[in-house]
There are 2 protein chains.
Amino acid sequence: VIVVATHGRPMRADARRNYEQLLAAADAEIARCGADASLEEIARKAGVGSATLHRHFPSRRALLEAVFHDRVEVLCAQAFARVDDADPGRALADWLRDVAAYTATTRGLARSMLTSVLDPMPESDGTCEAMFTAAGGALITRAHEAGAVRPEVSIVDLLTLANAVSLAAEGSPDAAAEAARLVTLAIEGIRP
Amino acid sequence: VIVVATHGRPMRADARRNYEQLLAAADAEIARCGADASLEEIARKAGVGSATLHRHFPSRRALLEAVFHDRVEVLCAQAFARVDDADPGRALADWLRDVAAYTATTRGLARSMLTSVLDPMPESDGTCEAMFTAAGGALITRAHEAGAVRPEVSIVDLLTLANAVSLAAEGSPDAAAEAARLVTLAIEGIRP
């Protein structure tokens with residue numbers, strides 16, 4: 001992977017080292033304190049100044065995107081791997097459970113995704129939100145076609161529910177299982 | 001209302017004044033910063049020292065309970081008012097929607113309730129969580145009896161879902177409507 005700065009050219013070695021140290025520090029601080037982790041503390045732990053942090057990541061959103069990008073990409077690949085499943089309704093439900101379980105144990109990710117939905121970034125193509133919507137969109141399209149999901153239920157709604165239960169389950173003794181259980185309840189509804 | 005301190009006797013006038021100033025300051029700070037609002041800031045705004053705050057409210061939980069008690073009591077009265085509804089399934093769903101809509105616009109309440117479920121207080125009779133569980137419990141018991149809700153779906157699960165979507169909707173332009181909409185989706189499930 002060649003790390004590319006915003007102007008599109010590969011970074012110089014020292015800039016790349018700063019970028020990678022910032023990303024590692026952000027990863028650790030967000031795991032400890034959530035999506036609201038202190039940017040000053042992240043810069044301090046990376047051994048750079050705040051100006052350097054802001055040069056690499058002009059906003060908290062940009063930093064959160066970079067921290068979560070690879071993990072979201074893996075979750076999204078799992079959606080595309082399920083897209084030819086013989087039971088599209090089950091494929092969608094299984095993926096949403098996996099997303100919720102993963103998100104419930106990845107501090108900061110649920111809050112980060114919920115904030116992104118409220119306030120999408122201008123260039124949104126490679127964002128975590130765009131990746132999730134595209135991957136889940138492929139599954140719900142097939143589930144809609146198969147008549148397994150009501151037409152008015154959107155993938156954004158279902159991802160919001162998954163992120164909501166993940167946020168709620170954060171901190172519970174078995175957060176992944178609890179989030180998956182609540183997603184199942186929300187998918188099934190309450191009726192017999 | 002006679003304000004009673006933990007030892008069970010009415011407070012002296014100066015203690016009661018401190019208590020009420022602390023409660024007003026806590027209410028404002030929690031509305032501004034959420035359930036994690038600074039206790040030091042609350043004491044400062046109430047014009048008392050931290051020791052006085054801790055004498056009245058030995059824990060953050062105790063303070064949150066006091067701040068939200070009356071509002072939760074009103075929501076719970078609305079549940080009991082619906083308990084003789086001819087359609088127990090609808091009564092439960094309507095109440096959950098009202099709870100989610102109210103909670104989505106009352107900063108700190110959703111987080112406070114979700115934390116309480118994970119870590120119930122030792123003397124839990126008058127807590128917000130106990131009030132919610134009792135009030136919702138009356139509605140779900142009738143809905144279970146009417147066959148409107150699957151037996152394995154509990155009121156704690158449904159209140160957790162309601163609080164989860166409220167937490168997720170906090171900050172969205174029409175948080176109350178968004179929370180109510182997502183609760184409806186979770187209650188109905190995704191199938192046609």
# chains A, B, ... in the order shown; residues from 1 in each chain; ligands from 1

$ residues_around --residues "Cys33 in chain A" --least-positions-apart "4" --cutoff "10 Å" --atoms "only C-alpha atoms" --output "ChimeraX atom specification"
/A:28-29,37-38,107-108

$ residues_around --residues "range 51-58 of chain B" --least-positions-apart "5" --cutoff "10 Å" --atoms "only C-alpha atoms" --output "VMD selection string"
chain B and resid 5 to 6 15 to 16 18 to 19 22 to 23 39 to 40 42 to 44 46 63 to 66

$ residues_around --residues "range 175-181 of chain B" --least-positions-apart "6" --cutoff "10 Å" --atoms "only C-alpha atoms" --output "ChimeraX atom specification"
/A:157 /B:93-94,96-106,162-169,187

$ closest_atom_pairs --of "chain B" --to "chain A" --cutoff "7 Å" --atoms "only C-alpha atoms" --output "Markdown table"
| residue | atom | partner | partner_atom | distance |
| --- | --- | --- | --- | --- |
| B:Leu114 | CA | A:Ala168 | CA | 6.5 |
| B:Leu118 | CA | A:Ser172 | CA | 6.2 |
| B:Ala148 | CA | A:Arg191 | CA | 5.7 |
| B:Val149 | CA | A:Arg191 | CA | 4.6 |
| B:Arg150 | CA | A:Pro192 | CA | 4.6 |
| B:Val153 | CA | A:Ile190 | CA | 6.7 |
| B:Leu161 | CA | A:Val165 | CA | 6.8 |
| B:Ala164 | CA | A:Ala164 | CA | 5.0 |
| B:Val165 | CA | A:Ala164 | CA | 5.5 |
| B:Ala168 | CA | A:Ala164 | CA | 5.2 |
| B:Ser172 | CA | A:Leu118 | CA | 6.2 |
| B:Ala186 | CA | A:Ala186 | CA | 4.0 |
| B:Ile187 | CA | A:Gly189 | CA | 4.5 |
| B:Glu188 | CA | A:Gly189 | CA | 4.6 |
| B:Gly189 | CA | A:Gly189 | CA | 3.7 |
| B:Ile190 | CA | A:Val149 | CA | 5.2 |
| B:Arg191 | CA | A:Val149 | CA | 4.6 |
| B:Pro192 | CA | A:Arg150 | CA | 4.7 |

$ write_last_selection --atoms "N, CA, C and O atoms" --output "JSON list (two decimals), in the first residue's frame"
[["chain", "number", "residue", "atom", "x", "y", "z"],
["B", 114, "LEU", "N", -29.40, 2.90, 29.75],
["B", 114, "LEU", "CA", -28.64, 1.75, 29.26],
["B", 114, "LEU", "C", -27.58, 1.33, 30.27],
["B", 114, "LEU", "O", -27.33, 0.15, 30.47],
["B", 118, "LEU", "N", -27.14, -2.38, 32.76],
["B", 118, "LEU", "CA", -25.91, -3.17, 32.92],
["B", 118, "LEU", "C", -25.49, -3.28, 34.37],
["B", 118, "LEU", "O", -24.84, -4.23, 34.77],
["B", 148, "ALA", "N", -50.02, -11.04, 21.26],
["B", 148, "ALA", "CA", -49.53, -10.01, 20.33],
["B", 148, "ALA", "C", -48.01, -9.92, 20.30],
["B", 148, "ALA", "O", -47.44, -9.31, 19.40],
["B", 149, "VAL", "N", -47.37, -10.54, 21.28],
["B", 149, "VAL", "CA", -45.91, -10.47, 21.40],
["B", 149, "VAL", "C", -45.39, -11.88, 21.71],
["B", 149, "VAL", "O", -45.97, -12.58, 22.55],
["B", 150, "ARG", "N", -44.30, -12.27, 21.03],
["B", 150, "ARG", "CA", -43.71, -13.59, 21.29],
["B", 150, "ARG", "C", -43.31, -13.70, 22.76],
["B", 150, "ARG", "O", -42.80, -12.72, 23.34],
["B", 153, "VAL", "N", -39.84, -12.45, 24.03],
["B", 153, "VAL", "CA", -39.49, -11.02, 23.96],
["B", 153, "VAL", "C", -39.81, -10.37, 25.30],
["B", 153, "VAL", "O", -40.96, -10.42, 25.75],
["B", 161, "LEU", "N", -33.94, -1.62, 23.18],
["B", 161, "LEU", "CA", -34.05, -1.19, 21.78],
["B", 161, "LEU", "C", -34.49, 0.27, 21.69],
["B", 161, "LEU", "O", -33.95, 1.05, 20.91],
["B", 164, "ALA", "N", -31.68, 2.42, 22.67],
["B", 164, "ALA", "CA", -30.63, 2.36, 21.65],
["B", 164, "ALA", "C", -30.95, 3.28, 20.48],
["B", 164, "ALA", "O", -30.10, 4.06, 20.03],
["B", 165, "VAL", "N", -32.18, 3.23, 19.97],
["B", 165, "VAL", "CA", -32.50, 4.10, 18.83],
["B", 165, "VAL", "C", -32.55, 5.57, 19.27],
["B", 165, "VAL", "O", -32.21, 6.45, 18.48],
["B", 168, "ALA", "N", -29.06, 6.70, 19.23],
["B", 168, "ALA", "CA", -28.61, 6.84, 17.84],
["B", 168, "ALA", "C", -29.20, 8.09, 17.20],
["B", 168, "ALA", "O", -28.55, 8.74, 16.38],
["B", 172, "SER", "N", -29.93, 14.13, 15.53],
["B", 172, "SER", "CA", -30.48, 14.21, 14.18],
["B", 172, "SER", "C", -31.53, 15.32, 14.15],
["B", 172, "SER", "O", -32.07, 15.70, 15.19],
["B", 186, "ALA", "N", -38.31, -1.73, 14.36],
["B", 186, "ALA", "CA", -37.84, -2.84, 15.20],
["B", 186, "ALA", "C", -39.01, -3.69, 15.72],
["B", 186, "ALA", "O", -38.89, -4.90, 15.88],
["B", 187, "ILE", "N", -40.14, -3.04, 15.97],
["B", 187, "ILE", "CA", -41.30, -3.77, 16.47],
["B", 187, "ILE", "C", -41.94, -4.61, 15.37],
["B", 187, "ILE", "O", -42.37, -5.74, 15.56],
["B", 188, "GLU", "N", -41.99, -4.02, 14.18],
["B", 188, "GLU", "CA", -42.65, -4.69, 13.04],
["B", 188, "GLU", "C", -41.77, -5.76, 12.42],
["B", 188, "GLU", "O", -42.26, -6.68, 11.77],
["B", 189, "GLY", "N", -40.44, -5.58, 12.52],
["B", 189, "GLY", "CA", -39.54, -6.48, 11.80],
["B", 189, "GLY", "C", -39.45, -6.06, 10.33],
["B", 189, "GLY", "O", -40.07, -5.07, 9.93],
["B", 190, "ILE", "N", -38.67, -6.80, 9.56],
["B", 190, "ILE", "CA", -38.40, -6.36, 8.19],
["B", 190, "ILE", "C", -39.24, -7.09, 7.14],
["B", 190, "ILE", "O", -39.25, -6.71, 6.01],
["B", 191, "ARG", "N", -39.96, -8.14, 7.54],
["B", 191, "ARG", "CA", -40.66, -8.95, 6.53],
["B", 191, "ARG", "C", -41.97, -8.31, 6.08],
["B", 191, "ARG", "O", -42.58, -7.54, 6.80],
["B", 192, "PRO", "N", -42.40, -8.64, 4.86],
["B", 192, "PRO", "CA", -43.68, -8.10, 4.36],
["B", 192, "PRO", "C", -44.82, -8.62, 5.22],
["B", 192, "PRO", "O", -44.73, -9.70, 5.78]]

$ atom_distance --atom1 "CA of Cys76 in chain A" --atom2 "CA of Ser112 in chain A"
16.4 Å

$ residues_around --residues "Pro88 in chain A" --least-positions-apart "6" --cutoff "12 Å" --atoms "only C-alpha atoms" --output "number ranges by chain"
A: 79-82, 94-95, 136-149

$ residues_around --residues "His69 in chain B" --least-positions-apart "5" --cutoff "10 Å" --atoms "only C-alpha atoms" --output "VMD selection string"
chain B and resid 63 to 64 74 126 to 129 131

$ select_by_dssp --residues "chain A" --states "helix (DSSP H, G or I)" --output "ChimeraX atom specification"
/A:13-33,39-46,50-56,60-81,88-104,109-118,128-145,155-169,175-188

$ atom_distance --atom1 "CA of Ser50 in chain B" --atom2 "CA of Phe68 in chain B"
20.8 Å

$ atom_distance --atom1 "CA of Glu73 in chain B" --atom2 "CA of Lys45 in chain B"
26.4 Å

$ closest_residue --among "A:Val67, A:Ala35, A:Val72, A:Ala62" --to "Gln21 in chain A" --atoms "only C-alpha atoms"
A:Val67
